[in-house]
file target-v7.csv (CSV, C-alpha atoms)
chain,number,residue,atom,x,y,z
O,25,MET,CA,0.0,0.0,0.0
O,26,LYS,CA,2.9,2.3,0.7
O,27,ASN,CA,3.7,1.9,-3.0
O,28,GLY,CA,0.1,2.6,-4.1
O,29,LYS,CA,-0.7,-1.0,-4.8
O,30,TRP,CA,-3.7,-3.1,-3.7
O,31,GLN,CA,-4.2,-6.9,-3.7
O,32,THR,CA,-1.4,-7.7,-6.1
O,33,ASN,CA,-1.3,-11.4,-5.1
O,34,ILE,CA,-3.4,-14.0,-3.3
O,35,GLY,CA,-2.9,-15.2,0.3
O,36,SER,CA,-2.6,-18.7,1.6
O,37,THR,CA,-4.0,-20.1,4.8
O,38,ILE,CA,-2.8,-23.0,7.0
O,39,HIS,CA,-6.3,-24.5,7.1
O,40,GLY,CA,-6.2,-27.9,5.4
O,41,LYS,CA,-2.4,-27.9,5.3
O,42,THR,CA,-0.1,-30.5,7.0
O,43,ILE,CA,2.1,-29.0,9.7
O,44,GLY,CA,5.1,-31.2,10.5
O,45,ILE,CA,6.4,-30.7,14.0
O,46,TRP,CA,9.8,-32.2,14.7
O,47,GLY,CA,10.3,-32.2,18.5
O,48,TYR,CA,7.1,-32.7,20.5
O,49,GLY,CA,8.2,-31.1,23.8
O,50,LYS,CA,6.6,-28.2,25.5
O,51,ILE,CA,6.9,-25.8,22.5
O,52,GLY,CA,6.0,-28.5,19.9
O,53,GLN,CA,2.9,-29.4,21.8
O,54,ARG,CA,1.8,-25.8,22.0
O,55,ILE,CA,2.4,-25.3,18.2
O,56,ALA,CA,0.3,-28.5,17.5
O,57,GLN,CA,-2.6,-27.0,19.4
O,58,TYR,CA,-2.3,-23.7,17.5
O,59,ALA,CA,-2.2,-25.6,14.2
O,60,LYS,CA,-5.3,-27.6,15.2
O,61,VAL,CA,-7.2,-24.4,16.1
O,62,PHE,CA,-6.5,-23.1,12.6
O,63,GLY,CA,-7.7,-26.3,10.9
O,64,ALA,CA,-4.3,-27.8,10.0
O,65,LYS,CA,-3.5,-31.5,10.1
O,66,VAL,CA,-0.5,-32.1,12.5
O,67,ILE,CA,2.1,-34.8,11.9
O,68,VAL,CA,4.9,-35.3,14.5
O,69,TRP,CA,8.4,-36.7,14.1
O,70,GLY,CA,11.0,-37.2,16.8
O,71,SER,CA,11.7,-39.7,19.5
O,72,GLU,CA,9.4,-42.7,20.0
O,73,SER,CA,8.1,-41.2,23.2
O,74,SER,CA,7.3,-37.9,21.4
O,75,ARG,CA,5.5,-39.7,18.6
O,76,GLU,CA,3.5,-41.7,21.2
O,77,LYS,CA,2.6,-38.6,23.1
O,78,ALA,CA,1.4,-37.0,19.8
O,79,ILE,CA,-0.9,-40.0,19.2
O,80,GLU,CA,-2.3,-39.7,22.8
O,81,ASP,CA,-3.0,-36.0,22.1
O,82,GLY,CA,-5.0,-36.8,19.0
O,83,PHE,CA,-2.3,-36.0,16.4
O,84,GLU,CA,-0.6,-38.2,13.8
O,85,ARG,CA,2.9,-39.5,13.9
O,86,ALA,CA,5.2,-39.9,10.9
O,87,ASN,CA,6.4,-43.5,10.3
O,88,SER,CA,9.7,-42.3,9.0
O,89,LYS,CA,11.8,-39.1,8.6
O,90,GLU,CA,11.3,-39.4,4.8
O,91,GLU,CA,7.5,-39.5,5.2
O,92,PHE,CA,7.6,-36.5,7.6
O,93,PHE,CA,9.4,-34.3,5.1
O,94,THR,CA,7.5,-35.4,2.0
O,95,GLU,CA,4.1,-35.1,3.6
O,96,SER,CA,4.4,-31.8,5.4
O,97,ASP,CA,3.4,-28.5,3.8
O,98,ILE,CA,5.1,-26.7,6.7
O,99,VAL,CA,8.0,-28.1,8.7
O,100,THR,CA,8.7,-26.5,12.1
O,101,LEU,CA,11.8,-27.5,14.1
O,102,HIS,CA,11.6,-27.7,17.9
O,103,LEU,CA,14.7,-29.7,18.8
O,104,ARG,CA,17.4,-29.1,21.4
O,105,LEU,CA,20.9,-28.9,20.0
O,106,ASN,CA,23.1,-31.7,21.3
O,107,GLU,CA,25.5,-34.3,19.9
O,108,ASN,CA,22.6,-36.4,18.5
O,109,THR,CA,20.7,-33.5,16.8
O,110,PHE,CA,23.7,-31.6,15.4
O,111,GLY,CA,23.2,-31.7,11.5
O,112,ILE,CA,20.3,-34.1,11.8
O,113,VAL,CA,18.3,-32.3,9.1
O,114,LYS,CA,20.1,-33.3,5.9
O,115,GLU,CA,20.1,-31.8,2.4
O,116,LEU,CA,18.1,-34.8,1.1
O,117,ASP,CA,15.4,-34.1,3.7
O,118,LEU,CA,15.1,-30.5,2.5
O,119,LEU,CA,15.1,-31.4,-1.2
O,120,SER,CA,12.3,-34.0,-0.6
O,121,MET,CA,9.9,-31.3,0.6
O,122,LYS,CA,6.8,-30.4,-1.4
O,123,ASP,CA,6.5,-27.6,-3.9
O,124,ASN,CA,5.4,-24.4,-2.0
O,125,SER,CA,6.6,-25.9,1.3
O,126,VAL,CA,7.9,-23.8,4.2
O,127,LEU,CA,10.6,-24.6,6.7
O,128,ILE,CA,10.5,-22.7,10.1
O,129,ASN,CA,13.6,-22.9,12.3
O,130,THR,CA,13.3,-21.2,15.7
O,131,ALA,CA,15.4,-23.9,17.5
O,132,ARG,CA,19.0,-23.9,16.5
O,133,ALA,CA,20.7,-23.4,13.1
O,134,GLU,CA,23.1,-26.2,13.7
O,135,ILE,CA,20.3,-28.7,13.6
O,136,ILE,CA,20.4,-28.4,9.8
O,137,GLU,CA,23.5,-29.8,8.0
O,138,GLU,CA,25.9,-26.9,7.6
O,139,GLY,CA,25.4,-24.9,4.3
O,140,LYS,CA,22.6,-27.1,3.1
O,141,LEU,CA,19.7,-24.9,3.9
O,142,LEU,CA,21.0,-22.1,1.7
O,143,LYS,CA,21.8,-24.5,-1.1
O,144,SER,CA,18.4,-26.1,-0.9
O,145,LEU,CA,16.5,-22.8,-0.8
O,146,LYS,CA,18.4,-21.7,-4.0
O,147,ALA,CA,17.3,-25.0,-5.5
O,148,GLY,CA,13.6,-24.3,-4.6
O,149,LYS,CA,13.1,-26.8,-1.9
O,150,PRO,CA,11.8,-25.8,0.5
O,151,SER,CA,10.1,-23.0,-1.3
O,152,TYR,CA,10.2,-20.7,1.7
O,153,ALA,CA,11.9,-20.4,5.0
O,154,GLY,CA,11.3,-18.5,8.2
O,155,LEU,CA,14.5,-18.3,10.3
O,156,ASP,CA,15.2,-16.9,13.8
O,157,VAL,CA,18.5,-18.8,14.3
O,158,TYR,CA,21.8,-18.7,12.4
O,159,ASP,CA,25.1,-20.5,12.4
O,160,GLU,CA,26.9,-17.4,13.7
O,161,GLU,CA,25.1,-14.7,15.7
O,162,PRO,CA,24.6,-11.8,15.7
O,163,ILE,CA,24.4,-10.9,12.0
O,164,TYR,CA,25.1,-7.3,11.2
O,165,ASP,CA,26.2,-7.8,7.6
O,166,LYS,CA,23.4,-6.4,5.4
O,167,ASN,CA,24.8,-8.6,2.6
O,168,TYR,CA,24.3,-11.9,4.6
O,169,GLU,CA,23.2,-14.2,1.9
O,170,LEU,CA,20.0,-15.5,3.6
O,171,LEU,CA,18.8,-11.9,4.0
O,172,LYS,CA,19.1,-11.4,0.2
O,173,LEU,CA,16.8,-14.3,-0.7
O,174,PRO,CA,13.3,-13.2,-1.6
O,175,ASN,CA,11.8,-16.5,-0.3
O,176,VAL,CA,13.3,-16.2,3.3
O,177,VAL,CA,12.0,-14.2,6.2
O,178,CYS,CA,14.7,-13.6,8.9
O,179,THR,CA,14.3,-12.4,12.4
O,180,PRO,CA,17.1,-11.6,14.8
O,181,HIS,CA,16.8,-14.5,17.3
O,182,LEU,CA,14.1,-12.9,19.2
O,183,GLY,CA,11.6,-15.7,19.5
O,184,TYR,CA,12.2,-15.9,23.2
O,185,VAL,CA,12.7,-12.1,23.7
O,186,GLU,CA,9.4,-10.8,24.9
O,187,LYS,CA,8.2,-8.9,27.9
O,188,CYS,CA,5.8,-11.4,29.5
O,189,GLY,CA,8.2,-14.2,29.2
O,190,TYR,CA,11.0,-12.2,30.8
O,191,GLU,CA,8.7,-11.1,33.6
O,192,LEU,CA,7.7,-14.7,34.2
O,193,TYR,CA,11.3,-16.1,34.2
O,194,PHE,CA,12.9,-13.3,36.2
O,195,GLY,CA,10.0,-13.1,38.6
O,196,LYS,CA,10.3,-16.8,39.4
O,197,ALA,CA,14.1,-16.5,39.7
O,198,PHE,CA,13.8,-13.6,42.2
O,199,GLU,CA,11.0,-15.5,44.1
O,200,ASN,CA,13.3,-18.5,44.4
O,201,ALA,CA,16.2,-16.4,45.6
O,202,LEU,CA,14.1,-14.7,48.3
O,203,ASN,CA,12.7,-18.0,49.4
O,204,PHE,CA,16.3,-19.3,49.7
O,205,ILE,CA,17.4,-16.3,51.7
O,206,ASN,CA,14.4,-16.7,54.0
O,207,GLY,CA,15.3,-20.4,54.7
O,208,LYS,CA,12.4,-21.8,52.7
O,209,PRO,CA,13.9,-22.8,49.4
O,210,THR,CA,11.7,-23.7,46.5
O,211,ASN,CA,12.4,-25.4,43.2
O,212,ILE,CA,15.6,-27.1,44.4
O,213,ALA,CA,17.1,-29.2,41.6
O,214,ASN,CA,19.2,-31.4,43.8
O,215,PRO,CA,17.8,-31.5,47.4
O,216,GLU,CA,20.6,-33.8,48.5
O,217,VAL,CA,23.2,-31.1,47.8
O,218,PHE,CA,21.1,-28.5,49.6
O,219,LYS,CA,21.0,-30.6,52.8
O,220,ASP,CA,24.8,-29.8,53.1
O,221,PHE,CA,24.1,-26.1,53.4
O,222,ASN,CA,21.8,-26.5,56.5
call {"tool": "encode", "arguments": {"input": "target-v7.csv", "output": "structure tokens"}}
result
Amino acid sequence: MKNGKWQTNIGSTIHGKTIGIWGYGKIGQRIAQYAKVFGAKVIVWGSESSREKAIEDGFERANSKEEFFTESDIVTLHLRLNENTFGIVKELDLLSMKDNSVLINTARAEIIEEGKLLKSLKAGKPSYAGLDVYDEEPIYDKNYELLKLPNVVCTPHLGYVEKCGYELYFGKAFENALNFINGKPTNIANPEVFKDFN
């Protein structure tokens, strides 16, 4: 509209689309519920326990990683980065995605095999990406290659940076500190170690 244009393209909804969620922990479960509200089909990939939990919650589980990537219209990654997940998303996974598919990564960039996301996006699979995490952060280079791609939306790793979340986390931290100072500790991770302080 700033350029004096109106309805130059047609939108797309997630209703009826298949949302693939890899990592069905606290965040993945919440995303599944959002997807359900908007009328999307949810398919989950991850550990056996994650997939079983998804079934219990009324969602589908992928039978293989290949099925997960080929069946999903939108893939969203919610994995923790560790030695088992480093580079777990391969170039072949990305290239097997549907036409007009979207990859969302708000977890960790290193989950995707190094250099393969950029290569795959240039090849057209996935068709689009939404990224909040990068191999090296922060990014100040305006010529950073992912920023230049018209099919990529980049945000500066701020998925967790919001006022209510900070108030919740820091509020609970201060509450725990005050309880400890007052001799009534709460949320002790290792009570056996704490006994030595008494």
call {"tool": "atom_distance", "arguments": {"input": "target-v7.csv", "atom1": "atom CA of Leu192 of chain O", "atom2": "atom CA of Ala213 of chain O"}}
result
18.8 Å
call {"tool": "residues_around", "arguments": {"input": "target-v7.csv", "residues": "Thr179 of chain O", "least_positions_apart": "5", "cutoff": "9 Å", "atoms": "all atoms listed in the file", "output": "ChimeraX atom specification"}}
result
/O:154-157
call {"tool": "write_last_selection", "arguments": {"input": "target-v7.csv", "atoms": "C-alpha atoms", "output": "PDB file, keeping the file's coordinate frame"}}
result
ATOM      1  CA  GLY O 154      11.300 -18.500   8.200  1.00  0.00           C
ATOM      2  CA  LEU O 155      14.500 -18.300  10.300  1.00  0.00           C
ATOM      3  CA  ASP O 156      15.200 -16.900  13.800  1.00  0.00           C
ATOM      4  CA  VAL O 157      18.500 -18.800  14.300  1.00  0.00           C
TER       5      VAL O 157
END
call {"tool": "residues_around", "arguments": {"input": "target-v7.csv", "residues": "Leu142 of chain O", "least_positions_apart": "3", "cutoff": "9 Å", "atoms": "only C-alpha atoms", "output": "VMD selection string"}}
result
chain O and resid 139 145 to 147 169 to 170
call {"tool": "write_last_selection", "arguments": {"input": "target-v7.csv", "atoms": "C-alpha atoms", "output": "PDB file, in the coordinates of the input"}}
result
ATOM      1  CA  GLY O 139      25.400 -24.900   4.300  1.00  0.00           C
ATOM      2  CA  LEU O 145      16.500 -22.800  -0.800  1.00  0.00           C
ATOM      3  CA  LYS O 146      18.400 -21.700  -4.000  1.00  0.00           C
ATOM      4  CA  ALA O 147      17.300 -25.000  -5.500  1.00  0.00           C
ATOM      5  CA  GLU O 169      23.200 -14.200   1.900  1.00  0.00           C
ATOM      6  CA  LEU O 170      20.000 -15.500   3.600  1.00  0.00           C
TER       7      LEU O 170
END
call {"tool": "residues_near_point", "arguments": {"input": "target-v7.csv", "point": "(12.5, -33.9, 9.8)", "cutoff": "12 Å", "atoms": "all atoms listed in the file", "output": "PyMOL selection string"}}
result
chain O and resi 43-47+67-71+85-96+98-103+109+111-121+127-129+135-137
call {"tool": "atom_distance", "arguments": {"input": "target-v7.csv", "atom1": "atom CA of Pro180 of chain O", "atom2": "atom CA of Tyr158 of chain O"}}
result
8.8 Å
call {"tool": "atom_distance", "arguments": {"input": "target-v7.csv", "atom1": "atom CA of Phe83 of chain O", "atom2": "atom CA of Ala64 of chain O"}}
result
10.6 Å
call {"tool": "closest_residue", "arguments": {"input": "target-v7.csv", "among": "O:Tyr168, O:Tyr184, O:Trp30, O:Phe110", "to": "Ile51 of chain O", "atoms": "all atoms listed in the file"}}
result
O:Tyr184
call {"tool": "closest_residue", "arguments": {"input": "target-v7.csv", "among": "O:Tyr48, O:Asn27, O:Glu160, O:Val61", "to": "Glu84 of chain O", "atoms": "all atoms listed in the file"}}
result
O:Tyr48
call {"tool": "closest_residue", "arguments": {"input": "target-v7.csv", "among": "O:Leu182, O:Leu202, O:Leu141, O:Val126", "to": "Ser36 of chain O", "atoms": "all atoms listed in the file"}}
result
O:Val126
call {"tool": "closest_residue", "arguments": {"input": "target-v7.csv", "among": "O:Ile55, O:Tyr190, O:Gly82, O:Phe204", "to": "Thr130 of chain O", "atoms": "only C-alpha atoms"}}
result
O:Ile55
call {"tool": "closest_residue", "arguments": {"input": "target-v7.csv", "among": "O:Lys122, O:Arg132, O:Lys172, O:Lys65", "to": "Gly148 of chain O", "atoms": "only C-alpha atoms"}}
result
O:Lys122
call {"tool": "residues_near_point", "arguments": {"input": "target-v7.csv", "point": "(7.6, -24.1, 46.1)", "cutoff": "12 Å", "atoms": "only C-alpha atoms", "output": "VMD selection string"}}
result
chain O and resid 196 to 197 199 to 204 208 to 213
call {"tool": "decode", "arguments": {"input": "target-v7.csv", "residues": "segment 179-209 of chain O", "atoms": "N, CA, C and O atoms", "output": "PDB file, in the first residue's frame"}}
result
ATOM      1  N   THR O 179      14.440 -13.178  11.221  1.00  0.00           N
ATOM      2  CA  THR O 179      14.272 -12.364  12.418  1.00  0.00           C
ATOM      3  C   THR O 179      15.513 -12.563  13.292  1.00  0.00           C
ATOM      4  O   THR O 179      16.161 -13.609  13.219  1.00  0.00           O
ATOM      5  N   PRO O 180      15.874 -11.570  14.113  1.00  0.00           N
ATOM      6  CA  PRO O 180      17.149 -11.587  14.837  1.00  0.00           C
ATOM      7  C   PRO O 180      17.131 -12.353  16.165  1.00  0.00           C
ATOM      8  O   PRO O 180      17.385 -11.796  17.221  1.00  0.00           O
ATOM      9  N   HIS O 181      16.857 -13.642  16.107  1.00  0.00           N
ATOM     10  CA  HIS O 181      16.838 -14.538  17.275  1.00  0.00           C
ATOM     11  C   HIS O 181      16.113 -13.880  18.451  1.00  0.00           C
ATOM     12  O   HIS O 181      16.647 -13.735  19.542  1.00  0.00           O
ATOM     13  N   LEU O 182      14.862 -13.521  18.188  1.00  0.00           N
ATOM     14  CA  LEU O 182      14.080 -12.885  19.236  1.00  0.00           C
ATOM     15  C   LEU O 182      12.802 -13.639  19.562  1.00  0.00           C
ATOM     16  O   LEU O 182      11.917 -13.124  20.233  1.00  0.00           O
ATOM     17  N   GLY O 183      12.741 -14.906  19.158  1.00  0.00           N
ATOM     18  CA  GLY O 183      11.556 -15.694  19.468  1.00  0.00           C
ATOM     19  C   GLY O 183      11.293 -15.808  20.960  1.00  0.00           C
ATOM     20  O   GLY O 183      10.158 -15.930  21.387  1.00  0.00           O
ATOM     21  N   TYR O 184      12.345 -15.764  21.762  1.00  0.00           N
ATOM     22  CA  TYR O 184      12.182 -15.875  23.209  1.00  0.00           C
ATOM     23  C   TYR O 184      12.249 -14.514  23.906  1.00  0.00           C
ATOM     24  O   TYR O 184      12.083 -14.419  25.123  1.00  0.00           O
ATOM     25  N   VAL O 185      12.494 -13.454  23.137  1.00  0.00           N
ATOM     26  CA  VAL O 185      12.696 -12.130  23.713  1.00  0.00           C
ATOM     27  C   VAL O 185      11.370 -11.366  23.707  1.00  0.00           C
ATOM     28  O   VAL O 185      11.032 -10.704  22.738  1.00  0.00           O
ATOM     29  N   GLU O 186      10.616 -11.522  24.771  1.00  0.00           N
ATOM     30  CA  GLU O 186       9.364 -10.785  24.878  1.00  0.00           C
ATOM     31  C   GLU O 186       9.070 -10.506  26.341  1.00  0.00           C
ATOM     32  O   GLU O 186       9.460 -11.246  27.227  1.00  0.00           O
ATOM     33  N   LYS O 187       8.402  -9.421  26.586  1.00  0.00           N
ATOM     34  CA  LYS O 187       8.224  -8.870  27.924  1.00  0.00           C
ATOM     35  C   LYS O 187       7.580  -9.853  28.909  1.00  0.00           C
ATOM     36  O   LYS O 187       8.076 -10.046  30.015  1.00  0.00           O
ATOM     37  N   CYS O 188       6.469 -10.463  28.532  1.00  0.00           N
ATOM     38  CA  CYS O 188       5.769 -11.356  29.457  1.00  0.00           C
ATOM     39  C   CYS O 188       6.641 -12.545  29.855  1.00  0.00           C
ATOM     40  O   CYS O 188       6.661 -12.947  31.020  1.00  0.00           O
ATOM     41  N   GLY O 189       7.365 -13.091  28.887  1.00  0.00           N
ATOM     42  CA  GLY O 189       8.249 -14.219  29.171  1.00  0.00           C
ATOM     43  C   GLY O 189       9.355 -13.835  30.126  1.00  0.00           C
ATOM     44  O   GLY O 189       9.659 -14.562  31.079  1.00  0.00           O
ATOM     45  N   TYR O 190       9.966 -12.676  29.893  1.00  0.00           N
ATOM     46  CA  TYR O 190      11.024 -12.204  30.784  1.00  0.00           C
ATOM     47  C   TYR O 190      10.481 -11.967  32.190  1.00  0.00           C
ATOM     48  O   TYR O 190      11.122 -12.312  33.177  1.00  0.00           O
ATOM     49  N   GLU O 191       9.306 -11.365  32.295  1.00  0.00           N
ATOM     50  CA  GLU O 191       8.718 -11.120  33.611  1.00  0.00           C
ATOM     51  C   GLU O 191       8.457 -12.435  34.338  1.00  0.00           C
ATOM     52  O   GLU O 191       8.696 -12.554  35.539  1.00  0.00           O
ATOM     53  N   LEU O 192       7.998 -13.433  33.616  1.00  0.00           N
ATOM     54  CA  LEU O 192       7.735 -14.740  34.204  1.00  0.00           C
ATOM     55  C   LEU O 192       9.029 -15.379  34.698  1.00  0.00           C
ATOM     56  O   LEU O 192       9.130 -15.808  35.851  1.00  0.00           O
ATOM     57  N   TYR O 193      10.053 -15.449  33.817  1.00  0.00           N
ATOM     58  CA  TYR O 193      11.311 -16.114  34.167  1.00  0.00           C
ATOM     59  C   TYR O 193      12.029 -15.395  35.308  1.00  0.00           C
ATOM     60  O   TYR O 193      12.439 -16.010  36.282  1.00  0.00           O
ATOM     61  N   PHE O 194      12.194 -14.078  35.182  1.00  0.00           N
ATOM     62  CA  PHE O 194      12.927 -13.343  36.206  1.00  0.00           C
ATOM     63  C   PHE O 194      12.119 -13.233  37.495  1.00  0.00           C
ATOM     64  O   PHE O 194      12.690 -13.264  38.593  1.00  0.00           O
ATOM     65  N   GLY O 195      10.809 -13.131  37.390  1.00  0.00           N
ATOM     66  CA  GLY O 195       9.968 -13.101  38.576  1.00  0.00           C
ATOM     67  C   GLY O 195      10.129 -14.377  39.390  1.00  0.00           C
ATOM     68  O   GLY O 195      10.276 -14.345  40.623  1.00  0.00           O
ATOM     69  N   LYS O 196      10.122 -15.516  38.717  1.00  0.00           N
ATOM     70  CA  LYS O 196      10.292 -16.805  39.392  1.00  0.00           C
ATOM     71  C   LYS O 196      11.701 -16.931  39.962  1.00  0.00           C
ATOM     72  O   LYS O 196      11.886 -17.428  41.082  1.00  0.00           O
ATOM     73  N   ALA O 197      12.702 -16.434  39.249  1.00  0.00           N
ATOM     74  CA  ALA O 197      14.080 -16.490  39.742  1.00  0.00           C
ATOM     75  C   ALA O 197      14.232 -15.670  41.025  1.00  0.00           C
ATOM     76  O   ALA O 197      14.846 -16.132  42.000  1.00  0.00           O
ATOM     77  N   PHE O 198      13.680 -14.454  41.045  1.00  0.00           N
ATOM     78  CA  PHE O 198      13.760 -13.617  42.247  1.00  0.00           C
ATOM     79  C   PHE O 198      12.979 -14.244  43.407  1.00  0.00           C
ATOM     80  O   PHE O 198      13.417 -14.207  44.555  1.00  0.00           O
ATOM     81  N   GLU O 199      11.829 -14.824  43.099  1.00  0.00           N
ATOM     82  CA  GLU O 199      11.040 -15.495  44.129  1.00  0.00           C
ATOM     83  C   GLU O 199      11.842 -16.633  44.750  1.00  0.00           C
ATOM     84  O   GLU O 199      11.884 -16.795  45.982  1.00  0.00           O
ATOM     85  N   ASN O 200      12.504 -17.439  43.923  1.00  0.00           N
ATOM     86  CA  ASN O 200      13.324 -18.544  44.421  1.00  0.00           C
ATOM     87  C   ASN O 200      14.485 -18.038  45.265  1.00  0.00           C
ATOM     88  O   ASN O 200      14.811 -18.625  46.299  1.00  0.00           O
ATOM     89  N   ALA O 201      15.126 -16.949  44.830  1.00  0.00           N
ATOM     90  CA  ALA O 201      16.245 -16.383  45.592  1.00  0.00           C
ATOM     91  C   ALA O 201      15.774 -15.887  46.953  1.00  0.00           C
ATOM     92  O   ALA O 201      16.420 -16.147  47.981  1.00  0.00           O
ATOM     93  N   LEU O 202      14.657 -15.176  46.998  1.00  0.00           N
ATOM     94  CA  LEU O 202      14.129 -14.679  48.265  1.00  0.00           C
ATOM     95  C   LEU O 202      13.723 -15.820  49.193  1.00  0.00           C
ATOM     96  O   LEU O 202      13.977 -15.766  50.410  1.00  0.00           O
ATOM     97  N   ASN O 203      13.116 -16.852  48.636  1.00  0.00           N
ATOM     98  CA  ASN O 203      12.736 -18.014  49.442  1.00  0.00           C
ATOM     99  C   ASN O 203      13.972 -18.681  50.040  1.00  0.00           C
ATOM    100  O   ASN O 203      13.969 -19.110  51.200  1.00  0.00           O
ATOM    101  N   PHE O 204      15.042 -18.758  49.260  1.00  0.00           N
ATOM    102  CA  PHE O 204      16.295 -19.347  49.735  1.00  0.00           C
ATOM    103  C   PHE O 204      16.872 -18.515  50.881  1.00  0.00           C
ATOM    104  O   PHE O 204      17.255 -19.047  51.925  1.00  0.00           O
ATOM    105  N   ILE O 205      16.910 -17.207  50.686  1.00  0.00           N
ATOM    106  CA  ILE O 205      17.438 -16.294  51.712  1.00  0.00           C
ATOM    107  C   ILE O 205      16.630 -16.404  53.000  1.00  0.00           C
ATOM    108  O   ILE O 205      17.177 -16.361  54.107  1.00  0.00           O
ATOM    109  N   ASN O 206      15.318 -16.591  52.872  1.00  0.00           N
ATOM    110  CA  ASN O 206      14.435 -16.687  54.032  1.00  0.00           C
ATOM    111  C   ASN O 206      14.370 -18.097  54.621  1.00  0.00           C
ATOM    112  O   ASN O 206      13.558 -18.363  55.507  1.00  0.00           O
ATOM    113  N   GLY O 207      15.225 -18.998  54.111  1.00  0.00           N
ATOM    114  CA  GLY O 207      15.298 -20.354  54.671  1.00  0.00           C
ATOM    115  C   GLY O 207      14.190 -21.282  54.253  1.00  0.00           C
ATOM    116  O   GLY O 207      13.993 -22.341  54.855  1.00  0.00           O
ATOM    117  N   LYS O 208      13.436 -20.913  53.240  1.00  0.00           N
ATOM    118  CA  LYS O 208      12.357 -21.766  52.734  1.00  0.00           C
ATOM    119  C   LYS O 208      12.527 -21.955  51.227  1.00  0.00           C
ATOM    120  O   LYS O 208      11.733 -21.464  50.425  1.00  0.00           O
ATOM    121  N   PRO O 209      13.589 -22.644  50.828  1.00  0.00           N
ATOM    122  CA  PRO O 209      13.904 -22.765  49.398  1.00  0.00           C
ATOM    123  C   PRO O 209      12.820 -23.493  48.609  1.00  0.00           C
ATOM    124  O   PRO O 209      12.175 -24.395  49.119  1.00  0.00           O
TER     125      PRO O 209
END
